[in-house]
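Source file: model.cif (mmCIF, C-alpha atoms)
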data_target
loop_
_atom_site.label_atom_id
_atom_site.label_comp_id
_atom_site.auth_asym_id
_atom_site.auth_seq_id
_atom_site.Cartn_x
_atom_site.Cartn_y
_atom_site.Cartn_z
CA MET A 1 9.43 30.74 1.77
CA VAL A 2 6.53 29.18 -0.16
CA PRO A 3 8.53 28.60 -3.40
CA VAL A 4 11.35 27.01 -1.36
CA LEU A 5 8.86 24.77 0.44
CA HIS A 6 7.26 23.65 -2.81
CA SER A 7 10.66 22.97 -4.38
CA LEU A 8 11.82 20.92 -1.38
CA SER A 9 8.52 19.01 -1.27
CA THR A 10 8.74 18.28 -5.00
CA ILE A 11 12.28 16.87 -4.58
CA ILE A 12 11.16 14.58 -1.73
CA LEU A 13 8.09 13.45 -3.68
CA ILE A 14 10.21 12.64 -6.74
CA ALA A 15 12.66 10.65 -4.56
CA GLU A 16 9.76 8.65 -3.08
CA PHE A 17 8.31 8.28 -6.56
CA VAL A 18 11.54 6.79 -7.95
CA TRP A 19 12.10 4.53 -4.93
CA GLY A 20 8.51 3.26 -4.96
CA ASN A 21 8.56 2.51 -8.68
CA LEU A 22 11.87 0.65 -8.40
CA SER A 23 10.86 -1.52 -5.43
CA ASN A 24 7.37 -2.30 -6.72
CA GLY A 25 8.65 -2.73 -10.28
CA LEU A 26 11.15 -5.33 -9.06
CA ILE A 27 8.35 -7.32 -7.39
CA VAL A 28 6.23 -7.27 -10.56
CA LEU A 29 9.12 -8.07 -12.92
CA LYS A 30 10.61 -10.95 -10.90
CA ASN A 31 7.27 -12.66 -10.25
CA CYS A 32 6.12 -12.23 -13.85
CA ILE A 33 9.38 -13.78 -15.12
CA ASP A 34 8.90 -16.73 -12.75
CA TRP A 35 5.28 -17.04 -13.87
CA ILE A 36 6.35 -17.22 -17.53
CA ASN A 37 9.18 -19.68 -16.85
CA LYS A 38 7.38 -22.01 -14.44
CA LYS A 39 3.84 -21.62 -15.88
CA GLU A 40 2.53 -21.31 -12.31
CA LEU A 41 2.67 -18.89 -9.40
CA SER A 42 1.89 -19.24 -5.70
CA THR A 43 -0.99 -17.38 -4.09
CA VAL A 44 1.29 -15.04 -2.16
CA ASP A 45 3.23 -14.14 -5.33
CA GLN A 46 -0.04 -13.42 -7.16
CA ILE A 47 -1.08 -11.09 -4.33
CA LEU A 48 2.35 -9.42 -4.45
CA ILE A 49 2.06 -8.76 -8.20
CA VAL A 50 -1.37 -7.10 -7.97
CA LEU A 51 -0.35 -5.25 -4.79
CA ALA A 52 2.79 -3.87 -6.45
CA ILE A 53 0.83 -2.80 -9.55
CA SER A 54 -1.76 -1.00 -7.40
CA ARG A 55 1.01 0.76 -5.49
CA ILE A 56 2.76 1.87 -8.66
CA SER A 57 -0.57 3.32 -9.79
CA LEU A 58 -1.08 4.97 -6.37
CA ILE A 59 2.39 6.55 -6.50
CA TRP A 60 1.76 7.90 -10.01
CA GLU A 61 -1.66 9.25 -9.01
CA THR A 62 -0.18 11.01 -5.97
CA LEU A 63 2.39 12.72 -8.17
CA ILE A 64 -0.29 13.69 -10.71
CA ILE A 65 -2.46 15.19 -7.93
CA TRP A 66 0.58 17.13 -6.71
CA VAL A 67 1.29 18.51 -10.20
CA LYS A 68 -2.37 19.29 -10.92
CA ASP A 69 -2.68 21.01 -7.55
CA GLN A 70 0.03 23.42 -8.68
CA LEU A 71 -1.54 23.84 -12.16
CA ILE A 72 -5.21 23.95 -11.20
CA SER A 73 -6.06 26.45 -13.94
CA SER A 74 -5.27 23.87 -16.65
CA ILE A 75 -7.51 21.08 -15.30
CA THR A 76 -10.93 20.19 -16.71
CA ILE A 77 -13.91 18.64 -14.96
CA GLU A 78 -13.37 15.32 -16.78
CA GLU A 79 -9.70 15.23 -15.81
CA LEU A 80 -10.75 15.91 -12.24
CA LYS A 81 -13.06 12.89 -12.28
CA ILE A 82 -10.39 10.62 -13.74
CA ILE A 83 -7.74 11.74 -11.23
CA VAL A 84 -9.97 11.30 -8.18
CA PHE A 85 -11.45 7.96 -9.28
CA SER A 86 -8.03 6.54 -10.21
CA PHE A 87 -6.58 7.59 -6.86
CA ILE A 88 -9.47 6.02 -4.92
CA LEU A 89 -9.19 2.80 -6.95
CA SER A 90 -5.43 2.51 -6.45
CA SER A 91 -5.61 3.31 -2.73
CA HIS A 92 -8.47 0.85 -2.21
CA PHE A 93 -6.65 -2.13 -3.72
CA SER A 94 -3.31 -1.13 -2.20
CA LEU A 95 -4.76 -1.21 1.33
CA TRP A 96 -6.93 -4.29 0.96
CA LEU A 97 -4.33 -6.40 -0.88
CA ALA A 98 -1.78 -5.59 1.85
CA THR A 99 -4.40 -6.65 4.40
CA ALA A 100 -4.99 -9.87 2.44
CA LEU A 101 -1.25 -10.48 2.51
CA SER A 102 -1.25 -10.05 6.31
CA ILE A 103 -4.09 -12.58 6.63
CA PHE A 104 -2.22 -14.96 4.34
CA TYR A 105 0.91 -14.77 6.54
CA LEU A 106 -1.25 -15.48 9.59
CA PHE A 107 -2.67 -18.67 8.10
CA ARG A 108 0.75 -19.91 6.98
CA ILE A 109 1.76 -20.46 10.62
CA PRO A 110 1.67 -24.26 11.01
CA ASN A 111 1.26 -24.94 14.74
CA CYS A 112 -2.24 -23.61 15.43
CA TYR A 113 -4.85 -26.33 15.75
CA TRP A 114 -8.07 -24.43 16.34
CA GLN A 115 -10.87 -25.98 14.31
CA ILE A 116 -11.94 -22.72 12.69
CA PHE A 117 -8.29 -21.86 11.96
CA LEU A 118 -7.65 -25.18 10.21
CA TYR A 119 -10.92 -24.87 8.28
CA LEU A 120 -9.99 -21.44 6.96
CA LYS A 121 -6.35 -22.38 6.41
CA TRP A 122 -7.25 -25.03 3.84
CA ARG A 123 -9.53 -22.53 2.12
CA ILE A 124 -7.24 -19.49 2.34
CA LYS A 125 -7.30 -18.79 -1.40
CA GLN A 126 -11.10 -18.83 -1.55
CA LEU A 127 -11.24 -16.72 1.64
CA ILE A 128 -9.03 -14.01 0.17
CA VAL A 129 -10.87 -14.01 -3.18
CA HIS A 130 -14.26 -13.72 -1.45
CA MET A 131 -12.95 -10.97 0.84
CA LEU A 132 -11.62 -8.94 -2.10
CA LEU A 133 -14.87 -9.41 -4.00
CA GLY A 134 -16.94 -8.48 -0.94
CA ILE A 135 -15.13 -5.21 -0.27
CA LEU A 136 -15.94 -4.03 -3.80
CA VAL A 137 -19.20 -2.85 -2.20
CA PHE A 138 -17.22 -0.22 -0.24
CA LEU A 139 -15.40 0.83 -3.39
CA VAL A 140 -18.62 1.25 -5.37
CA ALA A 141 -20.26 3.16 -2.49
CA ASN A 142 -17.27 5.49 -2.31
CA MET A 143 -17.29 6.08 -6.08
CA ILE A 144 -21.04 6.77 -6.12
CA GLN A 145 -20.80 9.32 -3.31
CA ILE A 146 -17.92 11.13 -5.04
CA THR A 147 -19.82 11.14 -8.35
CA ILE A 148 -23.00 12.55 -6.79
CA THR A 149 -21.04 15.27 -4.97
CA LEU A 150 -19.14 16.18 -8.12
CA GLU A 151 -22.29 16.47 -10.22
CA GLU A 152 -24.12 18.47 -7.57
CA ARG A 153 -21.25 20.93 -7.26
CA PHE A 154 -20.86 21.20 -11.02
CA TYR A 155 -24.53 22.05 -11.56
CA GLN A 156 -24.44 24.39 -8.56
CA TYR A 157 -21.90 26.49 -10.48
CA GLY A 158 -24.08 26.26 -13.58
CA GLY A 159 -21.37 24.52 -15.59
CA ASN A 160 -18.93 27.34 -14.88
CA THR A 161 -15.37 26.03 -15.17
CA SER A 162 -13.46 29.19 -14.38
CA VAL A 163 -10.24 29.07 -12.38
CA ASN A 164 -11.95 30.06 -9.12
CA SER A 165 -14.73 27.50 -9.48
CA MET A 166 -12.26 24.75 -10.37
CA GLU A 167 -10.10 25.60 -7.38
CA THR A 168 -13.15 25.33 -5.14
CA GLU A 169 -14.24 22.13 -6.86
CA PHE A 170 -10.81 20.55 -6.56
CA SER A 171 -10.54 21.52 -2.88
CA ILE A 172 -13.99 20.11 -2.04
CA LEU A 173 -13.36 16.87 -3.91
CA ILE A 174 -9.96 16.30 -2.32
CA GLU A 175 -11.47 16.98 1.11
CA LEU A 176 -14.31 14.48 0.50
CA MET A 177 -11.93 11.91 -0.99
CA LEU A 178 -9.56 12.12 2.00
CA PHE A 179 -12.45 11.79 4.46
CA ASN A 180 -13.89 8.74 2.67
CA MET A 181 -10.49 7.08 2.34
CA THR A 182 -9.82 7.63 6.05
CA MET A 183 -13.14 6.07 7.03
CA PHE A 184 -12.82 3.14 4.63
CA SER A 185 -9.26 2.46 5.90
CA ILE A 186 -10.47 1.60 9.40
CA ILE A 187 -11.72 -1.89 8.46
CA PRO A 188 -8.56 -3.17 6.69
CA PHE A 189 -6.42 -1.65 9.44
CA SER A 190 -8.48 -3.49 12.08
CA LEU A 191 -8.13 -6.80 10.21
CA ALA A 192 -4.35 -6.34 9.94
CA LEU A 193 -4.16 -5.50 13.66
CA ILE A 194 -6.16 -8.63 14.55
CA SER A 195 -3.81 -10.75 12.39
CA PHE A 196 -0.83 -9.22 14.17
CA LEU A 197 -2.26 -9.92 17.64
CA LEU A 198 -3.12 -13.52 16.69
CA LEU A 199 0.42 -14.03 15.40
CA ILE A 200 1.85 -12.78 18.71
CA PHE A 201 -0.48 -15.07 20.64
CA SER A 202 0.44 -18.03 18.40
CA LEU A 203 4.18 -17.37 18.85
CA TRP A 204 3.75 -17.08 22.63
CA LYS A 205 1.85 -20.38 22.79
CA HIS A 206 4.49 -22.03 20.62
CA LEU A 207 7.37 -20.83 22.83
CA GLN A 208 5.52 -21.97 25.95
CA LYS A 209 5.45 -25.54 24.63
CA MET A 210 9.14 -25.60 23.75
CA PRO A 211 12.09 -26.28 26.08
CA LEU A 212 14.29 -23.26 26.77
CA ASN A 213 17.36 -24.70 25.01
CA SER A 214 15.54 -25.09 21.69
CA ARG A 215 14.08 -21.61 21.31
CA GLY A 216 16.79 -20.39 18.98
CA ASP A 217 17.05 -19.73 15.29
CA ARG A 218 16.99 -23.46 14.48
CA ASP A 219 13.29 -23.75 15.23
CA PRO A 220 11.55 -23.34 11.83
CA SER A 221 8.16 -22.52 13.35
CA ALA A 222 9.55 -19.73 15.54
CA THR A 223 11.51 -18.40 12.54
CA ALA A 224 8.32 -18.37 10.45
CA HIS A 225 6.55 -16.51 13.25
CA ARG A 226 9.30 -13.92 13.51
CA ASN A 227 9.46 -13.32 9.76
CA ALA A 228 5.70 -12.88 9.57
CA LEU A 229 5.77 -10.58 12.61
CA ARG A 230 8.49 -8.39 11.06
CA ILE A 231 6.41 -7.89 7.94
CA LEU A 232 3.23 -7.26 9.91
CA VAL A 233 4.92 -4.82 12.31
CA SER A 234 6.33 -2.81 9.40
CA PHE A 235 2.96 -2.93 7.65
CA LEU A 236 1.06 -1.74 10.73
CA LEU A 237 3.59 1.02 11.45
CA LEU A 238 3.54 2.35 7.89
CA TYR A 239 -0.22 1.78 7.67
CA THR A 240 -0.65 3.91 10.83
CA ILE A 241 1.48 6.67 9.30
CA TYR A 242 -0.61 6.48 6.11
CA PHE A 243 -3.90 6.49 8.05
CA LEU A 244 -2.85 9.46 10.21
CA SER A 245 -1.59 11.28 7.12
CA LEU A 246 -5.00 10.90 5.47
CA LEU A 247 -6.80 12.02 8.61
CA ILE A 248 -4.57 15.04 9.27
CA SER A 249 -4.56 15.93 5.57
CA TRP A 250 -8.37 15.94 5.57
CA ILE A 251 -8.39 18.25 8.60
CA ALA A 252 -5.76 20.48 6.97
CA GLN A 253 -7.71 20.59 3.70
CA LYS A 254 -10.85 21.50 5.62
CA ASN A 255 -9.04 24.32 7.44
CA GLN A 256 -7.08 25.31 4.31
CA SER A 257 -3.68 24.68 5.93
CA GLU A 258 -1.43 24.23 2.91
CA LEU A 259 1.78 23.47 4.84
CA VAL A 260 0.24 20.61 6.84
CA HIS A 261 -1.42 19.25 3.71
CA ILE A 262 1.94 19.17 1.89
CA ILE A 263 3.67 17.39 4.78
CA CYS A 264 0.89 14.81 4.96
CA MET A 265 1.07 14.16 1.22
CA ILE A 266 4.81 13.48 1.54
CA THR A 267 4.40 11.16 4.55
CA SER A 268 1.50 9.26 2.96
CA LEU A 269 3.74 8.29 0.04
CA VAL A 270 6.17 6.59 2.44
CA TYR A 271 3.73 3.68 2.88
CA PRO A 272 3.50 2.40 -0.73
CA SER A 273 7.19 3.12 -1.35
CA LEU A 274 8.90 1.74 1.77
CA HIS A 275 6.64 -1.20 2.64
CA SER A 276 7.32 -2.86 -0.72
CA TYR A 277 11.05 -2.65 0.03
CA ILE A 278 10.42 -4.38 3.38
CA LEU A 279 8.44 -7.08 1.56
CA ILE A 280 11.47 -7.62 -0.71
CA LEU A 281 13.75 -8.05 2.32
CA GLY A 282 11.32 -10.55 3.85
CA ASN A 283 11.10 -12.65 0.67
CA TYR A 284 14.19 -14.77 -0.07
CA LYS A 285 13.61 -14.88 -3.83
CA LEU A 286 13.05 -11.14 -4.15
CA LYS A 287 15.91 -10.35 -1.78
CA GLN A 288 18.37 -12.41 -3.85
CA THR A 289 17.13 -10.76 -7.04
CA SER A 290 17.59 -7.27 -5.58
CA LEU A 291 21.12 -8.15 -4.41
CA TRP A 292 21.95 -9.50 -7.87
CA VAL A 293 20.66 -6.30 -9.51
CA MET A 294 22.71 -4.13 -7.13
CA ARG A 295 25.85 -6.21 -7.81
CA GLN A 296 25.33 -5.86 -11.55
CA LEU A 297 24.85 -2.10 -11.24
CA GLY A 298 27.94 -1.86 -9.02
CA CYS A 299 30.06 -3.79 -11.53
CA ARG A 300 28.80 -1.65 -14.42
CA MET A 301 29.55 1.59 -12.56
CA LYS A 302 33.02 0.28 -11.65
CA ARG A 303 33.75 -0.53 -15.31
CA GLN A 304 32.59 2.92 -16.38
CA ASN A 305 34.80 4.62 -13.80
CA THR A 306 37.84 2.54 -14.72
CA PRO A 307 40.08 4.58 -17.06
CA THR A 308 40.82 2.93 -20.39
CA THR A 309 44.40 2.55 -21.45
#

Since I need it in another form, could you write the structure as structure tokens?
Amino acid sequence: MVPVLHSLSTIILIAEFVWGNLSNGLIVLKNCIDWINKKELSTVDQILIVLAISRISLIWETLIIWVKDQLISSITIEELKIIVFSFILSSHFSLWLATALSIFYLFRIPNCYWQIFLYLKWRIKQLIVHMLLGILVFLVANMIQITITLEERFYQYGGNTSVNSMETEFSILIELMLFNMTMFSIIPFSLALISFLLLIFSLWKHLQKMPLNSRGDRDPSATAHRNALRILVSFLLLYTIYFLSLLISWIAQKNQSELVHIICMITSLVYPSLHSYILILGNYKLKQTSLWVMRQLGCRMKRQNTPTT
């Protein structure tokens, strides 16, 4: 049963790995081409590029952790440090950049006239930059705690790097990493939730001011609200799945429940893979590019399947 479970889990992880790399790679490639051609790029496209890069890194790190977990006897203490630190770094920027994107969508809504809202709206770029710089404190604190724990455990074993000690070390580090990531995910999740609630309130206020016969698809403000809400709803839903996966995975790792830990690892990879695809569907430029790519692939496959005379 265990070999079958690992084989099935590996197939699902590889499928998520391929899908996540394709969707995030499309975002990076299209925006970089536009950046080169136009010599400029909007703030939201800049966020999308860095977000997609961080998610590609997160997807690769998840796969590496999965492989190393199966081949624990071949891992060294330095490789363990690199894997854990890279995963924390990728997860940190993936979560906070997605949160920054949610805040950016909130401030793009044009019909809110609160004084503080207008003040921040005209300074949205500086707000996001300062927020991303400020949360580096959490990243550094997380890294320092992991480093101290790793060194303490290493010296506790007297530098012994046998298979048993490395298995224990790896298990303890993964448990601590999952706990820290769960705790540090609460703040960006709360900010995204607040943005979502403010968007709902803004849309409700907007619809209250409009006559009933003009609340259709022709209203650009309502359309902007709905598009932003779709992206935020998908983000919050997938974010919740990711957050619960981290939390349950930490509990499973603590209680040494391998099956639950495997399931949580698979579900946690849904967030960086699927949400980027939803971002593509919500962005006209990226959506048209993805449709063009699929048409080109379809035409090429059709030509290959056509028998030559």

Would you mind listing what lies within 8 Å of A:Leu232 as a VMD selection string, with all atoms listed in the file counted and same-chain residues fewer than 3 positions away left out? chain A and resid 102 192 196 228 to 229 235 to 236

Hey, what comes out of the PyMOL selection byres ((chain A and resi 44) around 10) on this file? Could you write it as an MDAnalysis selection string? chainID A and resid 41:43 45:49 100:101 104:105 125

Step by step, work through what the PyMOL selection byres ((chain A and resi 290) around 10) selects in the shown file, and finish by giving those residues as a PyMOL selection string. chain A and resi 23+26-27+30+277+280-281+284-289+291-296

Selection near stretch 91-95 of chain A, 7 Å with all atoms listed in the file, sequence-local residues under 5 positions removed, as a PyMOL selection string: chain A and resi 51+54-55+58+188

Please report the interatomic distance between atom CA of A:Lys254 and atom CA of A:Ile14 in Å with one decimal.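 Rounded to one decimal, the two atoms are 26.0 Å apart.
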
Tell me, in Å to one decimal, how far atom CA of A:Cys264 is from atom CA of A:Ile194.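 A separation of 26.3 Å between them.
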
Would you work out the distance separating atom CA of A:Val84 from atom CA of A:Phe184, expressed in Å to one decimal?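 Going from atom CA of A:Val84 over to atom CA of A:Phe184 covers 15.5 Å.
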
Care to translate the PyMOL selection byres ((chain A and resi 19) around 10) into actual residues of this file, as an MDAnalysis selection string? chainID A and resid 13:18 20:25 270 272:274 276:277

Taking only C-alpha atoms into account, name the residue in A:Phe201, A:Ser185, A:Ile146, A:Asn31 that is nearest to A:Ile82.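 Of all the options, A:Ile146 lies closest to A:Ile82.
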
I need the residue nearest A:Thr147 from this list: A:Leu176, A:Ile11, A:Leu127, A:Val4. Use only C-alpha atoms for the distance.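 When distances to A:Thr147 are compared using only C-alpha atoms, the smallest one comes from A:Leu176.
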
Residues within 10 Å of A:Ser245, all atoms listed in the file, excluding chain neighbours under 5 positions, as a short mmCIF file (atom, residue, chain, number, x, y, z; two decimals) with C-alpha atoms, in the coordinates of the input:
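Written file, out.cif:
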data_model
loop_
_atom_site.label_atom_id
_atom_site.label_comp_id
_atom_site.auth_asym_id
_atom_site.auth_seq_id
_atom_site.Cartn_x
_atom_site.Cartn_y
_atom_site.Cartn_z
CA LEU A 178 -9.56 12.12 2.00
CA THR A 182 -9.82 7.63 6.05
CA TYR A 239 -0.22 1.78 7.67
CA THR A 240 -0.65 3.91 10.83
CA TRP A 250 -8.37 15.94 5.57
CA ILE A 251 -8.39 18.25 8.60
CA VAL A 260 0.24 20.61 6.84
CA HIS A 261 -1.42 19.25 3.71
CA ILE A 263 3.67 17.39 4.78
CA CYS A 264 0.89 14.81 4.96
CA MET A 265 1.07 14.16 1.22
CA ILE A 266 4.81 13.48 1.54
CA THR A 267 4.40 11.16 4.55
CA SER A 268 1.50 9.26 2.96
CA LEU A 269 3.74 8.29 0.04
#

Assuming the input is short of atoms at stretch 136-147 of chain A, produce all heavy atoms for that part as a compact mmCIF listing (two decimals), in the coordinates of the input.
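Writing done, so here's part-v4.txt:
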# COMPACT_ATOMS: atom_id res chain seq x y z
N LEU A 136 -15.62 -4.87 -2.64
CA LEU A 136 -15.94 -4.03 -3.80
C LEU A 136 -17.18 -3.17 -3.53
O LEU A 136 -17.37 -2.13 -4.15
CB LEU A 136 -16.16 -4.89 -5.04
CG LEU A 136 -14.91 -5.55 -5.65
CD1 LEU A 136 -15.29 -6.42 -6.83
CD2 LEU A 136 -13.89 -4.49 -6.08
N VAL A 137 -18.01 -3.63 -2.58
CA VAL A 137 -19.20 -2.85 -2.20
C VAL A 137 -18.77 -1.49 -1.64
O VAL A 137 -19.36 -0.45 -1.97
CB VAL A 137 -20.02 -3.63 -1.14
CG1 VAL A 137 -21.19 -2.79 -0.65
CG2 VAL A 137 -20.51 -4.94 -1.73
N PHE A 138 -17.72 -1.48 -0.80
CA PHE A 138 -17.22 -0.22 -0.24
C PHE A 138 -16.66 0.68 -1.34
O PHE A 138 -16.86 1.90 -1.32
CB PHE A 138 -16.13 -0.50 0.80
CG PHE A 138 -16.61 -1.28 1.99
CD1 PHE A 138 -16.25 -2.61 2.16
CD2 PHE A 138 -17.42 -0.69 2.94
CE1 PHE A 138 -16.70 -3.33 3.25
CE2 PHE A 138 -17.88 -1.39 4.05
CZ PHE A 138 -17.51 -2.72 4.20
N LEU A 139 -15.97 0.05 -2.29
CA LEU A 139 -15.40 0.83 -3.39
C LEU A 139 -16.49 1.49 -4.23
O LEU A 139 -16.41 2.68 -4.55
CB LEU A 139 -14.53 -0.08 -4.27
CG LEU A 139 -13.91 0.56 -5.52
CD1 LEU A 139 -12.96 1.68 -5.13
CD2 LEU A 139 -13.20 -0.49 -6.36
N VAL A 140 -17.52 0.71 -4.57
CA VAL A 140 -18.62 1.25 -5.37
C VAL A 140 -19.35 2.35 -4.61
O VAL A 140 -19.69 3.40 -5.19
CB VAL A 140 -19.60 0.11 -5.76
CG1 VAL A 140 -20.84 0.68 -6.43
CG2 VAL A 140 -18.92 -0.90 -6.68
N ALA A 141 -19.58 2.14 -3.30
CA ALA A 141 -20.26 3.16 -2.49
C ALA A 141 -19.46 4.46 -2.45
O ALA A 141 -20.01 5.56 -2.56
CB ALA A 141 -20.48 2.63 -1.08
N ASN A 142 -18.15 4.32 -2.32
CA ASN A 142 -17.27 5.49 -2.31
C ASN A 142 -17.32 6.24 -3.64
O ASN A 142 -17.45 7.46 -3.68
CB ASN A 142 -15.83 5.04 -2.01
CG ASN A 142 -14.93 6.19 -1.59
OD1 ASN A 142 -15.35 7.34 -1.55
ND2 ASN A 142 -13.70 5.87 -1.28
N MET A 143 -17.26 5.48 -4.74
CA MET A 143 -17.29 6.08 -6.08
C MET A 143 -18.62 6.80 -6.32
O MET A 143 -18.65 7.90 -6.89
CB MET A 143 -17.09 4.99 -7.13
CG MET A 143 -15.72 4.36 -7.13
SD MET A 143 -14.55 5.33 -8.07
CE MET A 143 -13.24 4.15 -8.31
N ILE A 144 -19.72 6.17 -5.91
CA ILE A 144 -21.04 6.77 -6.12
C ILE A 144 -21.17 8.08 -5.36
O ILE A 144 -21.68 9.08 -5.89
CB ILE A 144 -22.15 5.78 -5.71
CG1 ILE A 144 -22.22 4.60 -6.69
CG2 ILE A 144 -23.51 6.49 -5.65
CD1 ILE A 144 -23.18 3.51 -6.29
N GLN A 145 -20.70 8.09 -4.11
CA GLN A 145 -20.80 9.32 -3.31
C GLN A 145 -19.97 10.45 -3.93
O GLN A 145 -20.43 11.60 -4.00
CB GLN A 145 -20.32 9.06 -1.89
CG GLN A 145 -20.48 10.28 -0.97
CD GLN A 145 -19.97 10.03 0.42
OE1 GLN A 145 -19.37 9.00 0.70
NE2 GLN A 145 -20.21 10.98 1.32
N ILE A 146 -18.77 10.12 -4.40
CA ILE A 146 -17.92 11.13 -5.04
C ILE A 146 -18.59 11.66 -6.31
O ILE A 146 -18.59 12.87 -6.59
CB ILE A 146 -16.54 10.54 -5.38
CG1 ILE A 146 -15.76 10.21 -4.10
CG2 ILE A 146 -15.74 11.49 -6.25
CD1 ILE A 146 -15.27 11.40 -3.33
N THR A 147 -19.17 10.74 -7.10
CA THR A 147 -19.82 11.14 -8.35
C THR A 147 -21.00 12.08 -8.09
O THR A 147 -21.15 13.11 -8.76
CB THR A 147 -20.30 9.90 -9.12
OG1 THR A 147 -19.20 9.03 -9.37
CG2 THR A 147 -20.94 10.29 -10.44
